[in-house]
Amino acid sequence: MRHPLLILLCIATTHLSAQWEVFPTEIDVPIGYSPTTVVMPPSPLDLQVLFVGGVDMVQTTATYGNEAGETHAKEWHDFVGFTPDVDGNSLGWVSVNHESIYRDDRIGDGGGMTVFRVDRDPVTGFLNVMDQELEDGRQGKYFNVDFVNTVGETGMNCGGISSRVDGRIWTAEEWFRRDNASINNGRFSNYNQFGSGPFGVGFDEDGVGSSANQGVRDLRRWVVDAPDFPFINGDTIDKYQNFNWMVEIDPRQAKAIRKQYNWGRQGFEGGTVSMDNRTIYLGVDATPAYFVKFEADLPGDFTKGKTFVYKHDAPEKWIEINNADTSAMLNFAAEGLKVGGTMYDRIEWVAINPENGLVYMTETGRDNPARSWADEAAQGAVFAPHHLARAAEQNGISPDSADYWDYYGRVLVYDPETEEVSVQIEGGPFLPEESVPEDQYPDKHMSNPDGLNTMLIEGKPFLVICEDLNGTSYGRMPSDAAVSHRLCELFLLDLAIENPTVDDLIRVTATPVGAEITGAMPTPDGKSLLVNSQHPSGSNPFPFNHSLTFAIHGFDQILLTDLDEPEQEEFVGEDFRVFPNPTVQTVHFEDMTDVALYDVRGTRLRVYRQVRQIDVGHLGAGTYFLRDDGGRVVQFVKE
């Protein structure tokens, strides 16, 4: 399969001429380099910081007896969701997760989520964060999502679901809680004290561990108020059992709607909605992870339907789990084990290709997964076929062998038509030596893919892949950079490429020292990609010392051209003729063609498909450029 290269039009306005040059297929980041800012992508892409955690102020509801007001937003930005504004009064609403668990009297203990509304500036093309007034009376730009007064606190808001169909948003409560002490990471022996959270425990002046500003304080038993789910509504459960659900929110009003008790309690990371609005595919960050789906009885009503676990070697590959059984939903992993589900090594984000319905999943991997899934294998759960094949290649072992490794992870693809899961792209390349100096390190290396989405560029689907390194050993970083530096990169992968390898990845940006790169949400107009820089080093310059949400603009300026097609080569040196030139109203071509229209700054104004003429009467007087589907460029004058 030929690989479309990214091309940009470079207009030399001082000479009133046009020329073409190849768009860089990756940013230039030396592996040993430690950036202290988000790495700028190459032209025509541009970068804008939208939301800075710990700095921007969020509007809060009355919480824990405190009046409604405002406070600094939480940090640890992870998931980004986007809800289009169907009324056309703005571009839409952005939802950002906070993968944290610390106390806050105004926002609420545990995790959190921030929403804000954006519109596109007609002059700059950047996004403006808009002022809003919500139904509950809150006014401002950034709003805390109210979980405390609706569904109870959340923990570790990590990934989530952003529906391609109607913009509905779910947030995932990831880090799995096994008892009340583990809500707070079990760092304190007193069951009623709140623990360390992901930021690490603080210390007082005597060097004694301090729980200041950490954890969840109220660990009383929880009475479930969920009339949509009669099987559990009104039940009293332990507090930890009200964590680890997918939670639907209303981004327009910044409040939670429901915890999705019928999808099971799991260490959720991501999910996606089928284009018919019937099926939810869910990813669980665990080893073993079971691939899960929910099928609604009616499109868009996800309160009624069936929940399944995938088993690749069964005659019917989707095994139903009784989602009206409270015990089954509270202990979902045990149900997956009972039916002998297929085991994966940390399924994190899940994305769908809206063009064909294929479902993609990041399988992040774990250095030595055997100790995490050997017991389940002994009890009847089965390994995914690609793990059996990989283990066989590793000296003929089994995935439950202590010698089995999965350092780099991969992206998987599920085909709903065949119900088969296969490998889309493997991480790596595998480096047999644990320590590899920088001068011997490969130009491209993908380790531990985590955040994932699909994006259409010039109408063609690409995967957007975000790294989150499990570590720096085993070739994830060169040995001379491993101790002090992790470089998490964002890649594009053209889904038209058959059997892609790491060399086919297009590196777009990277986050600063200490940060994970995640989020990866395209705007519905296809012009921008929203991304998070999570938990960066505090030594970076402002604002890159905070978790932040940024936008990469200009994807509508990227033109995809297959330079390898032989019929295009014959156009080299030939003229692309248009007439009349100059023109007042219409430009004609000699043949039917695709054309892209540019102004003198190189800004692409419009693409026309299979035309013999175009109307340019709406353009202002001046010089413009046209590029045909053979890569030829012509200048014309609009009078």
# chains A, B, ... in the order shown; residues from 1 in each chain; ligands from 1
$ residues_around --residues "region 356-368 of chain A" --least-positions-apart "3" --cutoff "9 Å" --atoms "only C-alpha atoms" --output "PyMOL selection string"
chain A and resi 270-272+274-275+281+283+285+287+344-353+371-372+401-417+424+447-454+463+465+467-471+474
$ write_last_selection --atoms "C-alpha atoms" --output "compact mmCIF listing (two decimals), in the first residue's frame"
# COMPACT_ATOMS: atom_id res chain seq x y z
CA GLY A 270 -11.74 4.08 27.94
CA GLY A 271 -14.57 3.20 25.65
CA THR A 272 -16.34 4.10 22.43
CA SER A 274 -20.82 2.35 17.81
CA MET A 275 -22.08 4.55 15.01
CA TYR A 281 -17.06 -1.09 23.73
CA GLY A 283 -11.44 -0.92 27.92
CA ASP A 285 -6.69 -1.04 32.60
CA THR A 287 -3.81 -7.48 33.76
CA TYR A 344 -5.36 -8.87 27.53
CA ASP A 345 -2.49 -6.93 29.04
CA ARG A 346 -3.96 -3.55 30.06
CA ILE A 347 -6.61 -2.39 27.57
CA GLU A 348 -6.70 1.37 27.96
CA TRP A 349 -8.31 3.76 25.45
CA VAL A 350 -10.81 2.59 22.84
CA ALA A 351 -11.64 4.42 19.59
CA ILE A 352 -13.82 3.84 16.55
CA ASN A 353 -13.23 4.57 12.87
CA ARG A 371 2.50 -12.60 38.02
CA SER A 372 -0.67 -10.68 37.19
CA SER A 401 5.89 -17.89 32.26
CA ALA A 402 7.95 -15.60 34.49
CA ASP A 403 10.20 -15.02 31.46
CA TYR A 404 7.42 -13.63 29.26
CA TRP A 405 7.79 -9.89 28.63
CA ASP A 406 5.55 -7.25 27.10
CA TYR A 407 7.67 -4.11 27.42
CA TYR A 408 6.21 -1.94 24.65
CA GLY A 409 2.54 -2.84 24.13
CA ARG A 410 0.58 -2.32 20.91
CA VAL A 411 -2.64 -1.13 19.30
CA LEU A 412 -5.31 -3.76 18.62
CA VAL A 413 -8.23 -3.68 16.20
CA TYR A 414 -11.61 -5.39 16.57
CA ASP A 415 -13.81 -6.06 13.53
CA PRO A 416 -17.50 -6.22 14.51
CA GLU A 417 -18.27 -8.11 11.29
CA GLN A 424 -2.94 -3.19 14.22
CA SER A 447 6.39 2.38 23.89
CA ASN A 448 3.24 1.76 25.91
CA PRO A 449 0.51 3.41 23.83
CA ASP A 450 -2.25 4.72 26.07
CA GLY A 451 -4.44 7.57 24.79
CA LEU A 452 -6.06 6.81 21.43
CA ASN A 453 -8.47 8.33 18.97
CA THR A 454 -9.24 8.48 15.26
CA LEU A 463 -5.12 6.89 14.39
CA ILE A 465 -1.65 7.46 19.44
CA GLU A 467 2.51 7.27 24.68
CA ASP A 468 2.65 6.75 28.44
CA LEU A 469 5.91 4.98 29.20
CA ASN A 470 5.71 2.23 31.84
CA GLY A 471 9.38 2.91 32.50
CA TYR A 474 14.24 -2.30 28.26
$ select_by_dssp --residues "region 45-238 of chain A" --states "alpha helix (DSSP H)" --output "list in words"
Asn180, Ala181, Ser182 and Ile183 of chain A
$ atom_distance --atom1 "CA of Lys141 (chain A)" --atom2 "CA of Asn97 (chain A)"
16.4 Å
$ select_by_dssp --residues "region 86-286 of chain A" --states "strand (DSSP E or B)" --output "PyMOL selection string"
chain A and resi 92-98+110+112-120+127-129+132-133+139-140+142-144+146+154+157-162+169-173+202-203+209-210+222-223+236-237+246-250+255-259+268-273+279-284
$ write_last_selection --atoms "C-alpha atoms" --output "PDB file, in the first residue's frame"
ATOM      1  CA  GLY A  92     -19.054  23.019  21.584  1.00  0.00           C
ATOM      2  CA  TRP A  93     -18.095  21.939  25.091  1.00  0.00           C
ATOM      3  CA  VAL A  94     -14.726  20.501  26.193  1.00  0.00           C
ATOM      4  CA  SER A  95     -14.614  18.042  29.108  1.00  0.00           C
ATOM      5  CA  VAL A  96     -11.306  17.356  30.907  1.00  0.00           C
ATOM      6  CA  ASN A  97     -10.699  14.630  33.515  1.00  0.00           C
ATOM      7  CA  HIS A  98      -8.488  14.992  36.589  1.00  0.00           C
ATOM      8  CA  GLY A 110     -11.361  12.232  45.086  1.00  0.00           C
ATOM      9  CA  GLY A 112     -12.769  15.602  39.344  1.00  0.00           C
ATOM     10  CA  MET A 113     -13.649  17.007  35.968  1.00  0.00           C
ATOM     11  CA  THR A 114     -13.684  20.465  34.381  1.00  0.00           C
ATOM     12  CA  VAL A 115     -15.841  21.598  31.453  1.00  0.00           C
ATOM     13  CA  PHE A 116     -15.743  24.744  29.341  1.00  0.00           C
ATOM     14  CA  ARG A 117     -17.330  26.002  26.145  1.00  0.00           C
ATOM     15  CA  VAL A 118     -15.323  27.113  23.106  1.00  0.00           C
ATOM     16  CA  ASP A 119     -15.844  28.890  19.825  1.00  0.00           C
ATOM     17  CA  ARG A 120     -13.438  29.391  16.947  1.00  0.00           C
ATOM     18  CA  LEU A 127     -10.304  28.736  20.154  1.00  0.00           C
ATOM     19  CA  ASN A 128     -11.918  31.199  22.542  1.00  0.00           C
ATOM     20  CA  VAL A 129     -13.122  29.979  25.942  1.00  0.00           C
ATOM     21  CA  GLN A 132     -21.468  30.983  30.308  1.00  0.00           C
ATOM     22  CA  GLU A 133     -24.291  31.005  32.816  1.00  0.00           C
ATOM     23  CA  GLN A 139     -21.268  32.034  35.791  1.00  0.00           C
ATOM     24  CA  GLY A 140     -17.766  32.051  34.301  1.00  0.00           C
ATOM     25  CA  TYR A 142     -14.460  27.005  33.603  1.00  0.00           C
ATOM     26  CA  PHE A 143     -16.839  24.827  35.638  1.00  0.00           C
ATOM     27  CA  ASN A 144     -16.283  21.978  38.060  1.00  0.00           C
ATOM     28  CA  ASP A 146     -20.658  18.331  40.359  1.00  0.00           C
ATOM     29  CA  THR A 154     -15.322   9.885  41.971  1.00  0.00           C
ATOM     30  CA  ASN A 157     -11.017  10.246  36.639  1.00  0.00           C
ATOM     31  CA  CYS A 158      -8.820   8.824  33.924  1.00  0.00           C
ATOM     32  CA  GLY A 159     -10.060   8.019  30.421  1.00  0.00           C
ATOM     33  CA  GLY A 160     -13.656   7.982  29.268  1.00  0.00           C
ATOM     34  CA  ILE A 161     -16.049   7.979  26.330  1.00  0.00           C
ATOM     35  CA  SER A 162     -16.816  10.831  23.943  1.00  0.00           C
ATOM     36  CA  ILE A 169     -19.620  12.045  27.708  1.00  0.00           C
ATOM     37  CA  TRP A 170     -18.666   9.398  30.277  1.00  0.00           C
ATOM     38  CA  THR A 171     -15.706   9.650  32.637  1.00  0.00           C
ATOM     39  CA  ALA A 172     -13.826   6.539  33.809  1.00  0.00           C
ATOM     40  CA  GLU A 173     -12.928   5.881  37.447  1.00  0.00           C
ATOM     41  CA  GLY A 202       3.395  14.858  52.391  1.00  0.00           C
ATOM     42  CA  PHE A 203       5.490  15.160  55.554  1.00  0.00           C
ATOM     43  CA  GLY A 209       3.656  11.334  57.080  1.00  0.00           C
ATOM     44  CA  SER A 210       0.917  13.913  56.688  1.00  0.00           C
ATOM     45  CA  TRP A 222     -23.194   4.547  50.466  1.00  0.00           C
ATOM     46  CA  VAL A 223     -26.919   4.318  49.691  1.00  0.00           C
ATOM     47  CA  THR A 236     -26.405   0.137  50.812  1.00  0.00           C
ATOM     48  CA  ILE A 237     -22.870  -0.704  49.689  1.00  0.00           C
ATOM     49  CA  MET A 246     -18.218   4.714  34.052  1.00  0.00           C
ATOM     50  CA  VAL A 247     -20.006   7.947  34.982  1.00  0.00           C
ATOM     51  CA  GLU A 248     -22.099   9.904  32.500  1.00  0.00           C
ATOM     52  CA  ILE A 249     -22.037  13.693  32.788  1.00  0.00           C
ATOM     53  CA  ASP A 250     -23.866  16.622  31.233  1.00  0.00           C
ATOM     54  CA  LYS A 255     -23.033  17.936  36.522  1.00  0.00           C
ATOM     55  CA  ALA A 256     -23.041  14.158  36.702  1.00  0.00           C
ATOM     56  CA  ILE A 257     -26.057  12.205  35.459  1.00  0.00           C
ATOM     57  CA  ARG A 258     -25.498   8.603  36.577  1.00  0.00           C
ATOM     58  CA  LYS A 259     -22.960   5.970  37.441  1.00  0.00           C
ATOM     59  CA  PHE A 268     -12.154   1.440  33.443  1.00  0.00           C
ATOM     60  CA  GLU A 269      -9.889   3.446  31.182  1.00  0.00           C
ATOM     61  CA  GLY A 270     -11.738   4.075  27.943  1.00  0.00           C
ATOM     62  CA  GLY A 271     -14.573   3.202  25.652  1.00  0.00           C
ATOM     63  CA  THR A 272     -16.337   4.095  22.430  1.00  0.00           C
ATOM     64  CA  VAL A 273     -19.876   4.148  21.034  1.00  0.00           C
ATOM     65  CA  THR A 279     -23.114  -0.726  21.383  1.00  0.00           C
ATOM     66  CA  ILE A 280     -20.535   0.498  23.895  1.00  0.00           C
ATOM     67  CA  TYR A 281     -17.058  -1.090  23.732  1.00  0.00           C
ATOM     68  CA  LEU A 282     -15.116  -0.784  26.991  1.00  0.00           C
ATOM     69  CA  GLY A 283     -11.438  -0.917  27.924  1.00  0.00           C
ATOM     70  CA  VAL A 284     -10.172  -1.927  31.367  1.00  0.00           C
TER      71      VAL A 284
END
$ residues_around --residues "Phe550 (chain A)" --least-positions-apart "6" --cutoff "7 Å" --atoms "only C-alpha atoms" --output "PyMOL selection string"
chain A and resi 47-51+530-532
$ closest_residue --among "A:Ala328, A:Phe302, A:Pro288, A:Ile425" --to "Gly264 (chain A)" --atoms "only C-alpha atoms"
A:Ala328
$ atom_distance --atom1 "CA of Glu438 (chain A)" --atom2 "CA of Met477 (chain A)"
8.4 Å
$ residues_around --residues "region 580-587 of chain A" --least-positions-apart "5" --cutoff "6 Å" --atoms "only C-alpha atoms" --output "list in words"
Gln613, Ile614, Asp615, Val616, Gly617, Phe636, Val637, Lys638 and Glu639 of chain A
$ residues_around --residues "Asp225 (chain A)" --least-positions-apart "5" --cutoff "8 Å" --atoms "only C-alpha atoms" --output "list in words"
Val151, Asn233 and Gly234 of chain A
$ residues_around --residues "Gly341 (chain A)" --least-positions-apart "2" --cutoff "12 Å" --atoms "only C-alpha atoms" --output "NGL selection string"
:A and (288-292 or 308-314 or 316-321 or 332-339 or 343-344 or 376-377 or 379-384)
$ residues_around --residues "Glu458 (chain A)" --least-positions-apart "2" --cutoff "9 Å" --atoms "only C-alpha atoms" --output "number ranges by chain"
A: 456, 460-461, 526, 555-560
$ write_last_selection --atoms "N, CA, C and O atoms" --output "PDB file, in the first residue's frame"
ATOM      1  N   LEU A 456     -10.016  12.357  11.070  1.00  0.00           N
ATOM      2  CA  LEU A 456     -10.049  12.471   9.620  1.00  0.00           C
ATOM      3  C   LEU A 456      -9.219  13.674   9.191  1.00  0.00           C
ATOM      4  O   LEU A 456      -9.430  14.793   9.676  1.00  0.00           O
ATOM      5  N   LYS A 460      -9.470  11.379   5.156  1.00  0.00           N
ATOM      6  CA  LYS A 460      -8.869  10.060   5.335  1.00  0.00           C
ATOM      7  C   LYS A 460      -8.632   9.807   6.814  1.00  0.00           C
ATOM      8  O   LYS A 460      -8.184  10.687   7.541  1.00  0.00           O
ATOM      9  N   PRO A 461      -8.921   8.568   7.291  1.00  0.00           N
ATOM     10  CA  PRO A 461      -8.814   8.286   8.723  1.00  0.00           C
ATOM     11  C   PRO A 461      -7.377   8.003   9.168  1.00  0.00           C
ATOM     12  O   PRO A 461      -6.640   7.263   8.516  1.00  0.00           O
ATOM     13  N   GLY A 526     -12.668  19.302  12.348  1.00  0.00           N
ATOM     14  CA  GLY A 526     -11.446  18.726  11.808  1.00  0.00           C
ATOM     15  C   GLY A 526     -10.247  19.643  11.782  1.00  0.00           C
ATOM     16  O   GLY A 526      -9.186  19.258  11.280  1.00  0.00           O
ATOM     17  N   PHE A 555      -4.956  21.449  11.119  1.00  0.00           N
ATOM     18  CA  PHE A 555      -5.063  20.176  10.401  1.00  0.00           C
ATOM     19  C   PHE A 555      -5.856  20.319   9.107  1.00  0.00           C
ATOM     20  O   PHE A 555      -5.716  19.499   8.199  1.00  0.00           O
ATOM     21  N   ASP A 556      -6.661  21.360   9.014  1.00  0.00           N
ATOM     22  CA  ASP A 556      -7.364  21.609   7.755  1.00  0.00           C
ATOM     23  C   ASP A 556      -6.446  22.194   6.692  1.00  0.00           C
ATOM     24  O   ASP A 556      -6.834  22.310   5.530  1.00  0.00           O
ATOM     25  N   GLN A 557      -5.221  22.562   7.079  1.00  0.00           N
ATOM     26  CA  GLN A 557      -4.242  23.086   6.125  1.00  0.00           C
ATOM     27  C   GLN A 557      -3.325  21.999   5.576  1.00  0.00           C
ATOM     28  O   GLN A 557      -2.480  22.257   4.727  1.00  0.00           O
ATOM     29  N   ILE A 558      -3.472  20.784   6.093  1.00  0.00           N
ATOM     30  CA  ILE A 558      -2.634  19.673   5.636  1.00  0.00           C
ATOM     31  C   ILE A 558      -3.295  19.021   4.430  1.00  0.00           C
ATOM     32  O   ILE A 558      -4.478  18.716   4.442  1.00  0.00           O
ATOM     33  N   LEU A 559      -2.516  18.815   3.397  1.00  0.00           N
ATOM     34  CA  LEU A 559      -3.018  18.208   2.176  1.00  0.00           C
ATOM     35  C   LEU A 559      -2.346  16.854   1.999  1.00  0.00           C
ATOM     36  O   LEU A 559      -1.130  16.740   2.049  1.00  0.00           O
ATOM     37  N   LEU A 560      -3.145  15.817   1.813  1.00  0.00           N
ATOM     38  CA  LEU A 560      -2.620  14.465   1.642  1.00  0.00           C
ATOM     39  C   LEU A 560      -2.454  14.171   0.161  1.00  0.00           C
ATOM     40  O   LEU A 560      -3.397  14.292  -0.610  1.00  0.00           O
TER      41      LEU A 560
END
$ closest_residue --among "A:Pro536, A:Pro478, A:Gly53, A:Gly81" --to "Ser163 (chain A)" --atoms "only C-alpha atoms"
A:Gly81
